[in-house]
There are 2 protein chains.
Amino acid sequence: MSSTIKDVAKRAGVSVATVSRVLNGNSNVAEATTKKVLKVVEEMSYNPNFLGRNLRKRETNIILVIAHSCEHSMYSQFITGMEKVAWQEGYDIISTSVNYNERDDLRRFSMLFNRTVDGVVLIGTHYKADFLNKIADSYHVALVGEAVEDANILTVVVDDKQAAYDAVKCLIEKGHTRIGLVTGGDWALSCRYRKEGYKKALEEHNIECDEDLIFSRTYDPKNGELAFDYFKSLPNPPTAVFCVSDLLAATFMKRAGQAGLQVGRDIAVMGFDNITFCEMFSPSLSTVNQPAKEMGQYVMSELITDIRTNKFNREYHTMPHKIILRESTGD
Amino acid sequence: MSSTIKDVAKRAGVSVATVSRVLNGNSNVAEATTKKVLKVVEEMSYNPNFLGRNLRKRETNIILVIAHSCEHSMYSQFITGMEKVAWQEGYDIISTSVNYNERDDLRRFSMLFNRTVDGVVLIGTHYKADFLNKIADSYHVALVGEAVEDANILTVVVDDKQAAYDAVKCLIEKGHTRIGLVTGGDWALSCRYRKEGYKKALEEHNIECDEDLIFSRTYDPKNGELAFDYFKSLPNPPTAVFCVSDLLAATFMKRAGQAGLQVGRDIAVMGFDNITFCEMFSPSLSTVNQPAKEMGQYVMSELITDIRTNKFNREYHTMPHKIILRESTGD
DNA sequence: AAAAAAATTTAAAACGATTACATTATTTTG
DNA sequence: CAAAATAATGTAATCGTTTTAAATTTTTTT
């Protein structure tokens, strides 16, 4: 059994209060005492039990990050950014991933309810607004990477509409007029906004929006392949395609290659997110970059401020995206 | 401020002990009382504070998973497996990723030392044996996916030597005799074993091992490209390449494609891990599958047993790998 | 109906820290 | 030099639970 603050106190010949003061860097303790205590702490390799500490302080200095997959490289960037700020501020970050299951998903929040963590950041979530709003009344919660409609919660995202607009405009400027859209369906807010941006770009360049060129299923990567097959079956297929995620773009390209097309020359493809693999694909994938690390930093900084002041910041904050051109869109 | 067990007790007209018993499913409580208490719990939407509970019980039922990147799809499989078992057993899993930094890395263990978690699983770690052994004397720690030399700790891995042997043998059987190895260097145990397996396969098929065909750097993906450039510069380049990770294989293939080679026809490439993207690459990547989910289940099951019985299981357990053939190795 | 046994319930003591308040030792000040 | 101010330390309450041991109530047995 590991030693407690009492053991340290006894061995150092002081009271537990003094030990606690030394360990918490309290100024009102004589230098000699400090030394003596620290020596004993070292000798006994004492580690304070945070259950005791946290119970008394009524805080844990831990933030939970809930992501619906930890595989996504953008998510890991979010976390890197969050961690940087959190550590600076004396907080730790832990994470857990969800898999779309009502019962399990609720369980993810239990650490918030039972006070194991001080706050939660949701990455790319699909919880409903009602659910989130209710929680956010009494706990500190924030969203990053994906907004939720009507959720009145601190949210940090890119301007999806503008980003999609820029991406499609870029394809148009390369001379394309028949541009396909591969999207995840209207249930995701980001997809809705990206579709709007897509349409706006076409409109502004006097290109009629052909609904046949919109392939809308889910984010499941295999839908990239299906999208290609579908487009190929059209009498007048698109010469460029904008996919709302790099994974969809990846499988789209894969299928295009199998069908004998050379992506970048025969057809242009643009993704979204700028995941690590974009550069590894052949051809490398043009995409829209989200400043994930910075987004993570921002959201964490705001959340910690909220926790400390016990305020509830409901800001909807957008951060700048960037179009990254690689081989998949040709020259 | 949220309500406590005291508030519930008062409102239900019973003692806190009774409330606690109801909440913990203790049998010695009258049915009527149970109902009454549960009703109040519901009304007040009471959530027990786990800091209090955990302090008293001296356990948290949380396991921490430390991975050095959460981007790797195999890691996410490990976690899926671990989570399955953990949940069954009433444990929760949280995770954190490390980034090779002495100071930070130690900090990852603090949750173990300060009793915030009951145990730790390390995924693909590079901590040193001394460090781990010392910790494992007093805390519950396990390794999965990568062993550490001389670490006397519960470890769950595949038989890397045999796996590499099988992979290379497969290339040999496809008629290759000049087979390159792209490895991460001898500091990683898995790389050492895989190199041994590579050599053994050559040897058993009477192919002389040409040290020029071994490219040994780090796991950094860009070394795949460098490996290709290096091999291409040889007077007699390999016709097949075995890479110790899919990421190395991916960048190798990418570079080969850029150089005008058609992977699968002009050169065969075999990876290791079977990450999600293997199927998305063009051509799709042949590889060695690790039963990551099952490995996760096994390690978690053993670890929890250890925690409960306060034993320290030092088993080194290997699980079956599988060669997956796709396009990158041709027909 | 009383005694014994069983079933509930409660009061109070943990768990391991922090911290308000009390006390003692040391300086400073008039 | 005594009184006041300050610094250092100790005592004990507290955080929100669980759980032991004791007390109470209910049920069963005689």
# chains A, B, ... in the order shown; residues from 1 in each chain; ligands from 1
>>> calpha_fit_rmsd(fixed="chain B", moving="chain A")
0.1 Å
>>> closest_atom_pairs(of="chain C", to="chain B", cutoff="10 Å", atoms="only C-alpha atoms (C1' of nucleotides)", output="Markdown table")
| residue | atom | partner | partner_atom | distance |
| --- | --- | --- | --- | --- |
| C:DA7 | C1' | B:Asn28 | CA | 7.4 |
| C:DT8 | C1' | B:Val29 | CA | 6.3 |
| C:DT9 | C1' | B:Thr18 | CA | 7.1 |
| C:DT10 | C1' | B:Ser15 | CA | 6.4 |
| C:DA11 | C1' | B:Ser15 | CA | 9.1 |
| C:DA14 | C1' | B:Arg56 | CA | 7.6 |
| C:DC15 | C1' | B:Arg56 | CA | 4.2 |
| C:DG16 | C1' | B:Leu55 | CA | 7.5 |
| C:DA17 | C1' | B:Leu55 | CA | 9.9 |
>>> write_last_selection(atoms="N, CA and C atoms (P, O5', C5', C4', C3', O3' and C1' of nucleotides)", output="tab-separated table (two decimals), in the first residue's frame")
chain	number	residue	atom	x	y	z
C	7	DA	P	-33.33	-13.09	6.82
C	7	DA	O5'	-33.84	-11.59	6.88
C	7	DA	C5'	-35.21	-11.34	7.18
C	7	DA	C4'	-35.41	-9.85	7.33
C	7	DA	C3'	-34.76	-9.01	6.22
C	7	DA	O3'	-35.75	-8.12	5.75
C	7	DA	C1'	-34.13	-8.19	8.34
C	8	DT	P	-35.55	-7.30	4.41
C	8	DT	O5'	-35.71	-5.83	4.96
C	8	DT	C5'	-34.60	-5.30	5.62
C	8	DT	C4'	-35.05	-4.14	6.44
C	8	DT	C3'	-34.52	-2.85	5.85
C	8	DT	O3'	-35.47	-1.82	6.04
C	8	DT	C1'	-33.53	-3.29	7.98
C	9	DT	P	-35.22	-0.44	5.29
C	9	DT	O5'	-34.33	0.33	6.35
C	9	DT	C5'	-34.92	0.70	7.59
C	9	DT	C4'	-33.85	1.24	8.51
C	9	DT	C3'	-33.05	2.40	7.91
C	9	DT	O3'	-33.48	3.60	8.56
C	9	DT	C1'	-31.68	0.87	9.15
C	10	DT	P	-32.78	4.96	8.16
C	10	DT	O5'	-31.70	5.09	9.30
C	10	DT	C5'	-32.07	4.83	10.66
C	10	DT	C4'	-30.85	4.93	11.55
C	10	DT	C3'	-29.97	6.14	11.26
C	10	DT	O3'	-29.71	6.80	12.48
C	10	DT	C1'	-28.67	4.16	11.29
C	11	DA	P	-29.22	8.27	12.49
C	11	DA	O5'	-27.96	8.15	13.47
C	11	DA	C5'	-27.85	7.03	14.36
C	11	DA	C4'	-26.42	6.87	14.82
C	11	DA	C3'	-25.56	8.12	14.76
C	11	DA	O3'	-24.66	8.06	15.84
C	11	DA	C1'	-24.65	6.49	13.32
C	14	DA	P	-11.78	5.11	12.19
C	14	DA	O5'	-11.83	6.26	11.06
C	14	DA	C5'	-10.89	6.24	10.00
C	14	DA	C4'	-11.32	5.25	8.94
C	14	DA	C3'	-10.65	5.57	7.62
C	14	DA	O3'	-9.89	4.46	7.21
C	14	DA	C1'	-13.05	5.69	7.41
C	15	DC	P	-8.41	4.66	6.80
C	15	DC	O5'	-8.49	5.14	5.30
C	15	DC	C5'	-9.19	4.39	4.31
C	15	DC	C4'	-9.49	5.29	3.14
C	15	DC	C3'	-8.45	6.39	2.94
C	15	DC	O3'	-7.47	5.91	2.03
C	15	DC	C1'	-10.72	7.17	2.62
C	16	DG	P	-5.92	6.13	2.38
C	16	DG	O5'	-5.68	7.63	1.90
C	16	DG	C5'	-5.84	7.96	0.54
C	16	DG	C4'	-5.75	9.45	0.40
C	16	DG	C3'	-4.54	10.08	1.09
C	16	DG	O3'	-3.97	11.00	0.18
C	16	DG	C1'	-6.49	11.16	1.76
C	17	DA	P	-2.55	11.62	0.41
C	17	DA	O5'	-2.88	13.17	0.66
C	17	DA	C5'	-2.84	14.09	-0.38
C	17	DA	C4'	-4.14	14.88	-0.45
C	17	DA	C3'	-4.02	16.33	0.02
C	17	DA	O3'	-3.67	17.10	-1.12
C	17	DA	C1'	-6.05	15.30	0.79
>>> closest_atom_pairs(of="chain B", to="chain A", cutoff="8 Å", atoms="only C-alpha atoms", output="Markdown table")
| residue | atom | partner | partner_atom | distance |
| --- | --- | --- | --- | --- |
| B:Asn47 | CA | A:Asn114 | CA | 5.9 |
| B:Pro48 | CA | A:Asn114 | CA | 5.8 |
| B:Asn49 | CA | A:Asn114 | CA | 4.7 |
| B:Phe50 | CA | A:Asn114 | CA | 5.3 |
| B:Leu51 | CA | A:Leu55 | CA | 5.3 |
| B:Gly52 | CA | A:Leu55 | CA | 6.2 |
| B:Asn54 | CA | A:Leu51 | CA | 6.8 |
| B:Leu55 | CA | A:Leu51 | CA | 5.3 |
| B:Ser69 | CA | A:Ser76 | CA | 7.7 |
| B:Cys70 | CA | A:Cys70 | CA | 5.6 |
| B:Glu71 | CA | A:Glu71 | CA | 4.5 |
| B:His72 | CA | A:Glu71 | CA | 5.9 |
| B:Ser73 | CA | A:Glu71 | CA | 5.3 |
| B:Ser76 | CA | A:Glu71 | CA | 6.4 |
| B:Ile93 | CA | A:Thr96 | CA | 7.2 |
| B:Ile94 | CA | A:Thr96 | CA | 5.4 |
| B:Ser95 | CA | A:Ser95 | CA | 5.1 |
| B:Thr96 | CA | A:Ile94 | CA | 5.4 |
| B:Phe113 | CA | A:Asn47 | CA | 6.2 |
| B:Asn114 | CA | A:Asn49 | CA | 4.7 |
| B:Arg115 | CA | A:Asn49 | CA | 5.8 |
| B:Thr116 | CA | A:Phe50 | CA | 6.4 |
| B:Ala250 | CA | A:Met280 | CA | 6.3 |
| B:Thr251 | CA | A:Met280 | CA | 5.7 |
| B:Lys254 | CA | A:Ser282 | CA | 5.9 |
| B:Gly257 | CA | A:Ser282 | CA | 7.3 |
| B:Met280 | CA | A:Thr251 | CA | 5.7 |
| B:Phe281 | CA | A:Phe281 | CA | 6.3 |
| B:Ser282 | CA | A:Lys254 | CA | 5.9 |
>>> interface_residues(of="chain D", to="chain B", cutoff="6 Å", atoms="only C-alpha atoms (C1' of nucleotides)", output="list in words")
DG16, DT17 and DT18 of chain D
>>> select_by_dssp(residues="range 38-109 of chain B", states="alpha helix (DSSP H)", output="ChimeraX atom specification")
/B:38-43,50-57,73-88,102-109
>>> atom_distance(atom1="CA of Gly25 in chain A", atom2="CA of Leu38 in chain A")
11.2 Å
